[in-house]
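query_1.pdb, holding PDB, C-alpha atoms, pLDDT in the B column:
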```pdb
ATOM      1  CA  MET A   1       0.000   0.000   0.000  1.00 47.00           C
ATOM      2  CA  MET A   2       1.296   3.464  -0.868  1.00 44.00           C
ATOM      3  CA  LEU A   3       0.448   6.807   0.699  1.00 46.00           C
ATOM      4  CA  VAL A   4       0.875   9.550  -1.899  1.00 43.00           C
ATOM      5  CA  VAL A   5       1.700  12.908  -0.336  1.00 41.00           C
ATOM      6  CA  GLY A   6       1.352  16.422  -1.696  1.00 38.00           C
ATOM      7  CA  GLN A   7      -1.149  15.926  -4.504  1.00 40.00           C
ATOM      8  CA  ALA A   8      -4.050  18.355  -4.858  1.00 42.00           C
ATOM      9  CA  PHE A   9      -7.645  17.346  -4.282  1.00 48.00           C
ATOM     10  CA  GLY A  10      -9.582  20.311  -5.626  1.00 45.00           C
ATOM     11  CA  PHE A  11     -12.695  19.782  -3.478  1.00 54.00           C
ATOM     12  CA  ASP A  12     -13.727  23.426  -3.600  1.00 59.00           C
ATOM     13  CA  GLN A  13     -17.307  22.729  -2.553  1.00 64.00           C
ATOM     14  CA  VAL A  14     -16.236  22.037   1.047  1.00 79.00           C
ATOM     15  CA  ASP A  15     -14.446  24.629   3.189  1.00 84.00           C
ATOM     16  CA  ASN A  16     -11.720  23.797   5.661  1.00 84.00           C
ATOM     17  CA  LEU A  17     -12.588  23.837   9.342  1.00 83.00           C
ATOM     18  CA  PRO A  18     -11.072  26.837  11.121  1.00 77.00           C
ATOM     19  CA  GLY A  19      -8.672  24.989  13.421  1.00 68.00           C
ATOM     20  CA  GLY A  20      -7.099  26.499  16.526  1.00 65.00           C
ATOM     21  CA  PRO A  21      -5.683  30.000  17.082  1.00 63.00           C
ATOM     22  CA  LEU A  22      -2.379  31.012  15.480  1.00 61.00           C
ATOM     23  CA  TRP A  23      -0.502  31.151  18.780  1.00 56.00           C
ATOM     24  CA  GLN A  24      -1.447  27.533  19.448  1.00 60.00           C
ATOM     25  CA  SER A  25      -0.132  26.439  16.078  1.00 63.00           C
ATOM     26  CA  VAL A  26       3.161  28.297  16.519  1.00 58.00           C
ATOM     27  CA  LEU A  27       3.846  27.477  20.165  1.00 62.00           C
ATOM     28  CA  LEU A  28       2.421  23.965  20.492  1.00 57.00           C
ATOM     29  CA  GLU A  29       2.198  22.364  17.055  1.00 59.00           C
ATOM     30  CA  GLN A  30       5.366  23.894  15.601  1.00 65.00           C
ATOM     31  CA  PRO A  31       7.377  24.751  18.724  1.00 58.00           C
ATOM     32  CA  TRP A  32      10.663  25.187  16.865  1.00 65.00           C
ATOM     33  CA  ILE A  33       9.151  28.157  15.034  1.00 69.00           C
ATOM     34  CA  GLY A  34       8.033  29.677  18.338  1.00 71.00           C
ATOM     35  CA  ALA A  35      11.446  29.015  19.871  1.00 70.00           C
ATOM     36  CA  ALA A  36      13.160  30.602  16.865  1.00 76.00           C
ATOM     37  CA  LEU A  37      10.995  33.732  17.201  1.00 79.00           C
ATOM     38  CA  VAL A  38      11.815  34.003  20.906  1.00 77.00           C
ATOM     39  CA  GLY A  39      15.496  33.487  20.109  1.00 74.00           C
ATOM     40  CA  LEU A  40      15.442  36.208  17.446  1.00 82.00           C
ATOM     41  CA  ILE A  41      13.745  38.694  19.768  1.00 83.00           C
ATOM     42  CA  THR A  42      16.252  37.806  22.492  1.00 81.00           C
ATOM     43  CA  ILE A  43      19.233  38.393  20.207  1.00 82.00           C
ATOM     44  CA  VAL A  44      17.890  41.756  19.039  1.00 81.00           C
ATOM     45  CA  ALA A  45      17.113  42.880  22.602  1.00 80.00           C
ATOM     46  CA  ALA A  46      20.485  41.751  23.991  1.00 75.00           C
ATOM     47  CA  PHE A  47      22.337  43.414  21.099  1.00 77.00           C
ATOM     48  CA  ALA A  48      20.427  46.673  21.608  1.00 81.00           C
ATOM     49  CA  LEU A  49      21.203  46.701  25.333  1.00 75.00           C
ATOM     50  CA  ASN A  50      24.860  45.993  24.665  1.00 75.00           C
ATOM     51  CA  ARG A  51      25.006  48.846  22.129  1.00 75.00           C
ATOM     52  CA  VAL A  52      23.914  51.352  24.782  1.00 74.00           C
ATOM     53  CA  GLY A  53      26.399  50.075  27.324  1.00 73.00           C
ATOM     54  CA  ARG A  54      24.025  47.919  29.346  1.00 71.00           C
ATOM     55  CA  GLY A  55      25.920  44.667  29.019  1.00 67.00           C
ATOM     56  CA  LYS A  56      24.752  43.017  32.234  1.00 76.00           C
ATOM     57  CA  PRO A  57      21.018  43.468  31.501  1.00 75.00           C
ATOM     58  CA  GLY A  58      21.792  42.162  28.020  1.00 68.00           C
ATOM     59  CA  VAL A  59      23.257  38.982  29.492  1.00 73.00           C
ATOM     60  CA  VAL A  60      20.186  38.570  31.707  1.00 75.00           C
ATOM     61  CA  VAL A  61      17.926  38.979  28.675  1.00 72.00           C
ATOM     62  CA  ALA A  62      19.970  36.445  26.690  1.00 73.00           C
ATOM     63  CA  ILE A  63      19.811  33.858  29.469  1.00 77.00           C
ATOM     64  CA  GLY A  64      16.118  34.455  30.081  1.00 76.00           C
ATOM     65  CA  GLY A  65      15.284  34.285  26.388  1.00 73.00           C
ATOM     66  CA  THR A  66      17.202  31.022  26.010  1.00 76.00           C
ATOM     67  CA  MET A  67      15.263  29.524  28.909  1.00 78.00           C
ATOM     68  CA  VAL A  68      11.935  30.676  27.437  1.00 72.00           C
ATOM     69  CA  ALA A  69      12.825  29.248  24.023  1.00 67.00           C
ATOM     70  CA  GLY A  70      13.717  25.919  25.615  1.00 72.00           C
ATOM     71  CA  GLY A  71      10.442  25.980  27.553  1.00 70.00           C
ATOM     72  CA  VAL A  72       8.496  26.505  24.329  1.00 63.00           C
ATOM     73  CA  VAL A  73      10.098  23.406  22.775  1.00 62.00           C
ATOM     74  CA  VAL A  74       9.420  21.287  25.871  1.00 65.00           C
ATOM     75  CA  LEU A  75       5.823  22.510  26.111  1.00 61.00           C
ATOM     76  CA  GLY A  76       5.202  21.776  22.442  1.00 53.00           C
ATOM     77  CA  ALA A  77       6.533  18.249  22.850  1.00 60.00           C
ATOM     78  CA  ARG A  78       4.325  17.516  25.862  1.00 63.00           C
ATOM     79  CA  VAL A  79       1.026  19.157  24.918  1.00 63.00           C
ATOM     80  CA  GLU A  80      -1.158  17.703  22.175  1.00 65.00           C
ATOM     81  CA  THR A  81      -3.533  20.183  20.566  1.00 74.00           C
ATOM     82  CA  ASP A  82      -6.964  19.306  19.197  1.00 77.00           C
ATOM     83  CA  ALA A  83      -5.651  19.589  15.643  1.00 80.00           C
ATOM     84  CA  GLU A  84      -2.763  17.228  16.360  1.00 83.00           C
ATOM     85  CA  ALA A  85      -5.093  14.717  18.018  1.00 84.00           C
ATOM     86  CA  ALA A  86      -7.467  14.849  15.072  1.00 87.00           C
ATOM     87  CA  ARG A  87      -4.717  14.469  12.464  1.00 89.00           C
ATOM     88  CA  GLY A  88      -3.103  11.620  14.349  1.00 91.00           C
ATOM     89  CA  THR A  89      -6.313   9.645  14.839  1.00 94.00           C
ATOM     90  CA  VAL A  90      -7.530  10.081  11.262  1.00 94.00           C
ATOM     91  CA  SER A  91      -4.119   9.242   9.788  1.00 94.00           C
ATOM     92  CA  GLU A  92      -3.862   6.129  11.926  1.00 94.00           C
ATOM     93  CA  LEU A  93      -7.377   4.993  11.037  1.00 95.00           C
ATOM     94  CA  ILE A  94      -7.061   5.520   7.283  1.00 93.00           C
ATOM     95  CA  GLY A  95      -3.635   3.911   7.243  1.00 91.00           C
ATOM     96  CA  ALA A  96      -4.928   0.859   9.116  1.00 92.00           C
ATOM     97  CA  ILE A  97      -7.914   0.507   6.764  1.00 90.00           C
ATOM     98  CA  ALA A  98      -5.691   0.781   3.695  1.00 87.00           C
ATOM     99  CA  GLU A  99      -3.362  -1.895   5.067  1.00 87.00           C
ATOM    100  CA  GLY A 100      -6.236  -4.193   6.020  1.00 88.00           C
ATOM    101  CA  ASP A 101      -5.207  -4.062   9.701  1.00 91.00           C
ATOM    102  CA  ALA A 102      -8.470  -5.043  11.397  1.00 92.00           C
ATOM    103  CA  ALA A 103      -7.085  -4.992  14.951  1.00 93.00           C
ATOM    104  CA  SER A 104      -5.855  -1.399  14.654  1.00 94.00           C
ATOM    105  CA  VAL A 105      -9.119  -0.272  13.070  1.00 94.00           C
ATOM    106  CA  GLU A 106     -11.100  -1.884  15.884  1.00 94.00           C
ATOM    107  CA  ALA A 107      -9.049   0.005  18.475  1.00 94.00           C
ATOM    108  CA  LEU A 108      -9.859   3.332  16.814  1.00 95.00           C
ATOM    109  CA  LEU A 109     -13.639   2.884  16.568  1.00 95.00           C
ATOM    110  CA  ALA A 110     -16.413   3.174  19.131  1.00 94.00           C
ATOM    111  CA  GLU A 111     -18.674   0.146  19.625  1.00 93.00           C
ATOM    112  CA  SER A 112     -21.120   1.609  17.120  1.00 92.00           C
ATOM    113  CA  ILE A 113     -20.579   4.256  14.456  1.00 93.00           C
ATOM    114  CA  THR A 114     -23.131   6.668  13.047  1.00 93.00           C
ATOM    115  CA  PHE A 115     -22.772   7.171   9.290  1.00 92.00           C
ATOM    116  CA  ARG A 116     -24.275  10.374   7.930  1.00 90.00           C
ATOM    117  CA  SER A 117     -24.951  11.337   4.351  1.00 89.00           C
ATOM    118  CA  THR A 118     -26.611  14.420   2.882  1.00 88.00           C
ATOM    119  CA  SER A 119     -29.991  13.786   4.527  1.00 88.00           C
ATOM    120  CA  GLN A 120     -29.791  10.361   6.161  1.00 89.00           C
ATOM    121  CA  ARG A 121     -28.077   8.608   9.030  1.00 90.00           C
ATOM    122  CA  ARG A 122     -27.499   4.993  10.019  1.00 91.00           C
ATOM    123  CA  ARG A 123     -25.822   3.281  12.952  1.00 91.00           C
ATOM    124  CA  VAL A 124     -23.417   0.473  12.138  1.00 90.00           C
ATOM    125  CA  SER A 125     -21.695  -1.767  14.646  1.00 92.00           C
ATOM    126  CA  ARG A 126     -17.926  -1.767  14.945  1.00 93.00           C
ATOM    127  CA  ASP A 127     -17.884  -5.496  14.217  1.00 93.00           C
ATOM    128  CA  GLN A 128     -19.603  -4.919  10.863  1.00 90.00           C
ATOM    129  CA  ILE A 129     -16.945  -2.425   9.833  1.00 90.00           C
ATOM    130  CA  VAL A 130     -14.013  -4.467  11.099  1.00 91.00           C
ATOM    131  CA  ALA A 131     -15.249  -7.524   9.208  1.00 90.00           C
ATOM    132  CA  GLN A 132     -14.814  -5.604   5.929  1.00 87.00           C
ATOM    133  CA  VAL A 133     -11.319  -4.296   6.655  1.00 88.00           C
ATOM    134  CA  PRO A 134      -9.254  -7.275   5.424  1.00 83.00           C
ATOM    135  CA  MET A 135     -10.603  -6.688   1.915  1.00 80.00           C
ATOM    136  CA  ALA A 136      -9.412  -3.078   1.811  1.00 78.00           C
ATOM    137  CA  ASP A 137      -5.777  -3.767   0.960  1.00 68.00           C
ATOM    138  CA  ARG A 138      -6.929  -5.751  -2.067  1.00 68.00           C
ATOM    139  CA  VAL A 139      -9.183  -2.921  -3.248  1.00 71.00           C
ATOM    140  CA  ILE A 140      -6.998   0.139  -2.498  1.00 77.00           C
ATOM    141  CA  ASP A 141      -3.709   0.482  -4.395  1.00 79.00           C
ATOM    142  CA  THR A 142      -2.685   4.004  -3.399  1.00 84.00           C
ATOM    143  CA  TYR A 143      -4.358   6.688  -1.336  1.00 87.00           C
ATOM    144  CA  ARG A 144      -3.928  10.383  -0.641  1.00 88.00           C
ATOM    145  CA  LEU A 145      -4.969  11.923   2.658  1.00 91.00           C
ATOM    146  CA  ARG A 146      -5.253  15.644   3.282  1.00 90.00           C
ATOM    147  CA  HIS A 147      -6.340  17.070   6.620  1.00 89.00           C
ATOM    148  CA  ARG A 148      -8.816  19.919   6.291  1.00 89.00           C
ATOM    149  CA  GLY A 149      -8.887  21.236   9.864  1.00 86.00           C
ATOM    150  CA  ALA A 150     -10.469  20.346  13.195  1.00 87.00           C
ATOM    151  CA  GLU A 151     -12.681  22.012  15.774  1.00 86.00           C
ATOM    152  CA  ARG A 152     -14.393  21.279  19.075  1.00 82.00           C
ATOM    153  CA  ASP A 153     -17.949  19.974  19.065  1.00 78.00           C
ATOM    154  CA  GLY A 154     -19.083  20.828  22.577  1.00 73.00           C
ATOM    155  CA  SER A 155     -16.735  20.321  25.505  1.00 74.00           C
ATOM    156  CA  THR A 156     -15.364  16.856  24.731  1.00 83.00           C
ATOM    157  CA  MET A 157     -15.948  15.924  21.084  1.00 87.00           C
ATOM    158  CA  LEU A 158     -13.690  16.793  18.152  1.00 90.00           C
ATOM    159  CA  ILE A 159     -14.673  17.140  14.492  1.00 91.00           C
ATOM    160  CA  ALA A 160     -11.871  16.311  12.049  1.00 92.00           C
ATOM    161  CA  ARG A 161     -12.363  17.102   8.359  1.00 93.00           C
ATOM    162  CA  PHE A 162     -10.267  15.276   5.786  1.00 93.00           C
ATOM    163  CA  ALA A 163     -10.096  14.611   2.071  1.00 91.00           C
ATOM    164  CA  LEU A 164      -9.340  11.102   0.886  1.00 90.00           C
ATOM    165  CA  GLY A 165      -8.602  10.026  -2.646  1.00 86.00           C
ATOM    166  CA  GLY A 166      -6.614   7.448  -4.510  1.00 83.00           C
ATOM    167  CA  GLU A 167      -6.592   4.549  -6.925  1.00 83.00           C
ATOM    168  CA  GLY A 168      -8.044   1.084  -6.491  1.00 75.00           C
ATOM    169  CA  ASP A 169      -9.361  -1.971  -8.262  1.00 74.00           C
ATOM    170  CA  PHE A 170     -12.505  -0.024  -9.173  1.00 74.00           C
ATOM    171  CA  GLY A 171     -10.658   3.022 -10.491  1.00 77.00           C
ATOM    172  CA  PRO A 172      -9.948   6.423  -8.920  1.00 82.00           C
ATOM    173  CA  PHE A 173     -11.917   7.595  -5.897  1.00 82.00           C
ATOM    174  CA  THR A 174     -12.313  10.972  -4.191  1.00 85.00           C
ATOM    175  CA  SER A 175     -14.126  11.956  -1.014  1.00 89.00           C
ATOM    176  CA  VAL A 176     -14.368  14.495   1.810  1.00 92.00           C
ATOM    177  CA  TRP A 177     -15.420  13.432   5.310  1.00 93.00           C
ATOM    178  CA  ASP A 178     -16.093  14.744   8.785  1.00 94.00           C
ATOM    179  CA  ALA A 179     -15.102  12.382  11.580  1.00 94.00           C
ATOM    180  CA  VAL A 180     -16.465  13.006  15.074  1.00 94.00           C
ATOM    181  CA  LEU A 181     -13.992  11.840  17.708  1.00 94.00           C
ATOM    182  CA  SER A 182     -14.661  11.076  21.358  1.00 92.00           C
ATOM    183  CA  PRO A 183     -12.066  10.625  24.128  1.00 90.00           C
ATOM    184  CA  ASP A 184     -11.604   7.029  25.255  1.00 88.00           C
ATOM    185  CA  GLY A 185      -9.027   6.825  28.014  1.00 83.00           C
ATOM    186  CA  GLU A 186      -5.759   8.207  26.662  1.00 82.00           C
ATOM    187  CA  ARG A 187      -6.776   8.128  23.009  1.00 86.00           C
ATOM    188  CA  TRP A 188      -9.580   9.230  20.686  1.00 92.00           C
ATOM    189  CA  VAL A 189     -12.053   6.975  18.910  1.00 95.00           C
ATOM    190  CA  VAL A 190     -14.354   7.652  15.971  1.00 95.00           C
ATOM    191  CA  VAL A 191     -18.049   7.761  16.871  1.00 94.00           C
ATOM    192  CA  GLU A 192     -19.453   9.289  13.689  1.00 94.00           C
ATOM    193  CA  LEU A 193     -18.505   9.632  10.018  1.00 93.00           C
ATOM    194  CA  GLU A 194     -20.245  12.049   7.675  1.00 93.00           C
ATOM    195  CA  ALA A 195     -19.700  11.846   3.924  1.00 91.00           C
ATOM    196  CA  LEU A 196     -19.623  15.414   2.575  1.00 92.00           C
ATOM    197  CA  VAL A 197     -18.432  14.632  -0.960  1.00 89.00           C
ATOM    198  CA  LEU A 198     -18.172  11.283  -2.735  1.00 86.00           C
ATOM    199  CA  LEU A 199     -16.721  10.964  -6.233  1.00 81.00           C
ATOM    200  CA  GLY A 200     -17.195  14.706  -6.703  1.00 79.00           C
ATOM    201  CA  ASP A 201     -20.879  14.599  -5.730  1.00 82.00           C
ATOM    202  CA  SER A 202     -22.147  16.464  -2.659  1.00 83.00           C
ATOM    203  CA  ASP A 203     -25.338  14.350  -2.631  1.00 84.00           C
ATOM    204  CA  THR A 204     -24.026  11.365  -0.696  1.00 85.00           C
ATOM    205  CA  ASP A 205     -27.281   9.585   0.228  1.00 82.00           C
ATOM    206  CA  TRP A 206     -26.451   6.671  -2.060  1.00 80.00           C
ATOM    207  CA  LEU A 207     -23.687   5.632   0.339  1.00 78.00           C
ATOM    208  CA  LEU A 208     -26.052   4.458   3.065  1.00 74.00           C
ATOM    209  CA  SER A 209     -27.909   2.178   0.709  1.00 71.00           C
ATOM    210  CA  ARG A 210     -24.696   0.178   0.358  1.00 66.00           C
ATOM    211  CA  LEU A 211     -23.949  -0.237   4.049  1.00 63.00           C
TER
END
```
Render the structure in this file as structure tokens.
Amino acid sequence: MMLVVGQAFGFDQVDNLPGGPLWQSVLLEQPWIGAALVGLITIVAAFALNRVGRGKPGVVVAIGGTMVAGGVVVLGARVETDAEAARGTVSELIGAIAEGDAASVEALLAESITFRSTSQRRRVSRDQIVAQVPMADRVIDTYRLRHRGAERDGSTMLIARFALGGEGDFGPFTSVWDAVLSPDGERWVVVELEALVLLGDSDTDWLLSRL
């Protein structure tokens, strides 16, 4: 199975979810960028103080800035944001399905999953889904996954939007989904999947007739 990275999807009929604030992305999801910004500010401030003959305060600023930059890196490594949790869970689930790894898929699903289409919904047991997983690696040749943002749904749930496309035994496929994730101990599990676009069509009711 091959994951193809960096190819465009072109699903313009579905917007990205907003995601978290910019500071969260810089400080927690990309801490090296935040640390670099702190380091740059520290260098400029220490240099300016040294230029006006205030060497000792400049040293204090340099030491303090270095400590803050290190703290940013440590914090980013320890704290998982909603967006990171969503990307990680979706990537793990899609990868496991594509590889036909039923055990990993089972661990990432709630006991029952609600499938939503344009105007319909249906509950499907986890066992029903897992039973179909071993066939996936014979159907899917390559796939492309693009994360389209994440946001909170209430106080505990997460909504992760993603685009999924690729090539398989039945030809090319394209889709956009919303996955609703619920905390389960130290990880997240999928409790609901909504098909927003299937094969370029935003009317996805036909999906439920095949479940």
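Shortest separation to Gly149 of chain A among A:Phe47, A:Trp206, A:Trp188, A:Phe162 occurs at residue A:Phe162, atoms counted being all atoms listed in the file.
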List the spatial neighbours of segment 189-204 of chain A as a PDB file with C-alpha atoms, in the frame of the given file - criterion: any atom at most 6 Å away, only C-alpha atoms, same-chain residues fewer than 2 positions off excluded.
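Written file, out24.pdb:
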```pdb
ATOM      1  CA  LEU A 108      -9.859   3.332  16.814  1.00 95.00           C
ATOM      2  CA  LEU A 109     -13.639   2.884  16.568  1.00 95.00           C
ATOM      3  CA  ALA A 110     -16.413   3.174  19.131  1.00 94.00           C
ATOM      4  CA  ILE A 113     -20.579   4.256  14.456  1.00 93.00           C
ATOM      5  CA  THR A 114     -23.131   6.668  13.047  1.00 93.00           C
ATOM      6  CA  PHE A 115     -22.772   7.171   9.290  1.00 92.00           C
ATOM      7  CA  ARG A 116     -24.275  10.374   7.930  1.00 90.00           C
ATOM      8  CA  SER A 117     -24.951  11.337   4.351  1.00 89.00           C
ATOM      9  CA  THR A 118     -26.611  14.420   2.882  1.00 88.00           C
ATOM     10  CA  PHE A 173     -11.917   7.595  -5.897  1.00 82.00           C
ATOM     11  CA  THR A 174     -12.313  10.972  -4.191  1.00 85.00           C
ATOM     12  CA  SER A 175     -14.126  11.956  -1.014  1.00 89.00           C
ATOM     13  CA  VAL A 176     -14.368  14.495   1.810  1.00 92.00           C
ATOM     14  CA  TRP A 177     -15.420  13.432   5.310  1.00 93.00           C
ATOM     15  CA  ASP A 178     -16.093  14.744   8.785  1.00 94.00           C
ATOM     16  CA  ALA A 179     -15.102  12.382  11.580  1.00 94.00           C
ATOM     17  CA  VAL A 180     -16.465  13.006  15.074  1.00 94.00           C
ATOM     18  CA  LEU A 181     -13.992  11.840  17.708  1.00 94.00           C
ATOM     19  CA  SER A 182     -14.661  11.076  21.358  1.00 92.00           C
ATOM     20  CA  TRP A 206     -26.451   6.671  -2.060  1.00 80.00           C
ATOM     21  CA  LEU A 207     -23.687   5.632   0.339  1.00 78.00           C
TER      22      LEU A 207
END
```
Report task. May I ask for the distance between atom CA of Ser91 of chain A and atom CA of Arg161 of chain A, given in Å to one decimal place? Result ->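 Distance between the two atoms: 11.5 Å.
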Report task. Starting from the displayed file, determine the output of the PyMOL selection byres ((chain A and resi 132) around 12) and express the residue list as JSON, numbers by chain. Result -> {"A": [97, 98, 100, 101, 102, 103, 105, 106, 125, 126, 127, 128, 129, 130, 131, 133, 134, 135, 136, 137, 138, 139, 211]}
So that I can check the surroundings of Gly88 of chain A, please list as a short mmCIF file (atom, residue, chain, number, x, y, z; two decimals) with C-alpha atoms, in the frame of the given file every protein, DNA and RNA residue that reaches within 12 Å of it, counting only C-alpha atoms and ignoring chain neighbours fewer than 2 positions away.
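Heads up, here's the output in part_26.cif:
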```cif
data_model
loop_
_atom_site.label_atom_id
_atom_site.label_comp_id
_atom_site.auth_asym_id
_atom_site.auth_seq_id
_atom_site.Cartn_x
_atom_site.Cartn_y
_atom_site.Cartn_z
CA GLU A 80 -1.16 17.70 22.18
CA THR A 81 -3.53 20.18 20.57
CA ASP A 82 -6.96 19.31 19.20
CA ALA A 83 -5.65 19.59 15.64
CA GLU A 84 -2.76 17.23 16.36
CA ALA A 85 -5.09 14.72 18.02
CA ALA A 86 -7.47 14.85 15.07
CA VAL A 90 -7.53 10.08 11.26
CA SER A 91 -4.12 9.24 9.79
CA GLU A 92 -3.86 6.13 11.93
CA LEU A 93 -7.38 4.99 11.04
CA ILE A 94 -7.06 5.52 7.28
CA GLY A 95 -3.64 3.91 7.24
CA LEU A 108 -9.86 3.33 16.81
CA LEU A 145 -4.97 11.92 2.66
CA ARG A 146 -5.25 15.64 3.28
CA HIS A 147 -6.34 17.07 6.62
CA ALA A 150 -10.47 20.35 13.20
CA ALA A 160 -11.87 16.31 12.05
CA PHE A 162 -10.27 15.28 5.79
CA LEU A 181 -13.99 11.84 17.71
CA ARG A 187 -6.78 8.13 23.01
CA TRP A 188 -9.58 9.23 20.69
CA VAL A 189 -12.05 6.98 18.91
#
```
Query raised in the report: When you draw a straight line from atom CA of Asn16 of chain A to atom CA of Arg122 of chain A, how long is it in Å?
Result: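 Interatomic distance here is 24.9 Å.
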Some atoms are missing, so please complete segment 143-150 of chain A with all heavy atoms and return it as an mmCIF file, in the frame of the given file.
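File written: out.cif
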```
data_model
loop_
_atom_site.group_PDB
_atom_site.id
_atom_site.type_symbol
_atom_site.label_atom_id
_atom_site.label_comp_id
_atom_site.auth_asym_id
_atom_site.auth_seq_id
_atom_site.Cartn_x
_atom_site.Cartn_y
_atom_site.Cartn_z
ATOM 1 N N TYR A 143 -3.391 5.723 -1.859
ATOM 2 C CA TYR A 143 -4.358 6.688 -1.336
ATOM 3 C C TYR A 143 -3.650 7.984 -0.988
ATOM 4 O O TYR A 143 -2.444 8.017 -0.761
ATOM 5 C CB TYR A 143 -5.109 6.127 -0.123
ATOM 6 C CG TYR A 143 -4.290 6.029 1.144
ATOM 7 C CD1 TYR A 143 -4.307 7.049 2.087
ATOM 8 C CD2 TYR A 143 -3.519 4.902 1.414
ATOM 9 C CE1 TYR A 143 -3.574 6.959 3.265
ATOM 10 C CE2 TYR A 143 -2.787 4.790 2.583
ATOM 11 C CZ TYR A 143 -2.818 5.821 3.504
ATOM 12 O OH TYR A 143 -2.089 5.731 4.657
ATOM 13 N N ARG A 144 -4.417 9.057 -0.980
ATOM 14 C CA ARG A 144 -3.928 10.383 -0.641
ATOM 15 C C ARG A 144 -4.830 10.950 0.452
ATOM 16 O O ARG A 144 -6.048 10.964 0.307
ATOM 17 C CB ARG A 144 -3.949 11.307 -1.863
ATOM 18 C CG ARG A 144 -3.197 10.760 -3.061
ATOM 19 C CD ARG A 144 -3.175 11.747 -4.228
ATOM 20 N NE ARG A 144 -4.516 12.071 -4.723
ATOM 21 C CZ ARG A 144 -5.184 11.332 -5.600
ATOM 22 N NH1 ARG A 144 -4.661 10.205 -6.054
ATOM 23 N NH2 ARG A 144 -6.379 11.701 -6.005
ATOM 24 N N LEU A 145 -4.223 11.394 1.514
ATOM 25 C CA LEU A 145 -4.969 11.923 2.658
ATOM 26 C C LEU A 145 -4.544 13.360 2.895
ATOM 27 O O LEU A 145 -3.354 13.650 3.007
ATOM 28 C CB LEU A 145 -4.696 11.076 3.900
ATOM 29 C CG LEU A 145 -5.302 11.564 5.221
ATOM 30 C CD1 LEU A 145 -6.824 11.563 5.154
ATOM 31 C CD2 LEU A 145 -4.804 10.707 6.374
ATOM 32 N N ARG A 146 -5.536 14.242 2.966
ATOM 33 C CA ARG A 146 -5.253 15.644 3.282
ATOM 34 C C ARG A 146 -6.172 16.096 4.413
ATOM 35 O O ARG A 146 -7.390 15.983 4.318
ATOM 36 C CB ARG A 146 -5.459 16.539 2.063
ATOM 37 C CG ARG A 146 -5.265 18.023 2.371
ATOM 38 C CD ARG A 146 -5.193 18.854 1.118
ATOM 39 N NE ARG A 146 -3.995 18.532 0.351
ATOM 40 C CZ ARG A 146 -3.677 19.109 -0.807
ATOM 41 N NH1 ARG A 146 -4.487 20.005 -1.328
ATOM 42 N NH2 ARG A 146 -2.577 18.774 -1.436
ATOM 43 N N HIS A 147 -5.566 16.596 5.473
ATOM 44 C CA HIS A 147 -6.340 17.070 6.620
ATOM 45 C C HIS A 147 -6.878 18.462 6.318
ATOM 46 O O HIS A 147 -6.157 19.332 5.820
ATOM 47 C CB HIS A 147 -5.473 17.072 7.874
ATOM 48 C CG HIS A 147 -4.940 15.719 8.233
ATOM 49 N ND1 HIS A 147 -5.725 14.753 8.828
ATOM 50 C CD2 HIS A 147 -3.727 15.147 8.039
ATOM 51 C CE1 HIS A 147 -4.998 13.663 9.002
ATOM 52 N NE2 HIS A 147 -3.793 13.870 8.541
ATOM 53 N N ARG A 148 -8.137 18.665 6.643
ATOM 54 C CA ARG A 148 -8.816 19.919 6.291
ATOM 55 C C ARG A 148 -9.275 20.692 7.535
ATOM 56 O O ARG A 148 -10.214 21.448 7.489
ATOM 57 C CB ARG A 148 -10.022 19.615 5.398
ATOM 58 C CG ARG A 148 -9.699 18.873 4.096
ATOM 59 C CD ARG A 148 -9.128 19.810 3.051
ATOM 60 N NE ARG A 148 -10.070 20.849 2.715
ATOM 61 C CZ ARG A 148 -10.982 20.744 1.727
ATOM 62 N NH1 ARG A 148 -11.052 19.643 0.990
ATOM 63 N NH2 ARG A 148 -11.792 21.740 1.461
ATOM 64 N N GLY A 149 -8.589 20.476 8.664
ATOM 65 C CA GLY A 149 -8.887 21.236 9.864
ATOM 66 C C GLY A 149 -9.655 20.435 10.898
ATOM 67 O O GLY A 149 -10.148 19.340 10.626
ATOM 68 N N ALA A 150 -9.761 20.999 12.088
ATOM 69 C CA ALA A 150 -10.469 20.346 13.195
ATOM 70 C C ALA A 150 -11.021 21.413 14.121
ATOM 71 O O ALA A 150 -10.477 22.512 14.223
ATOM 72 C CB ALA A 150 -9.528 19.413 13.957
#
```
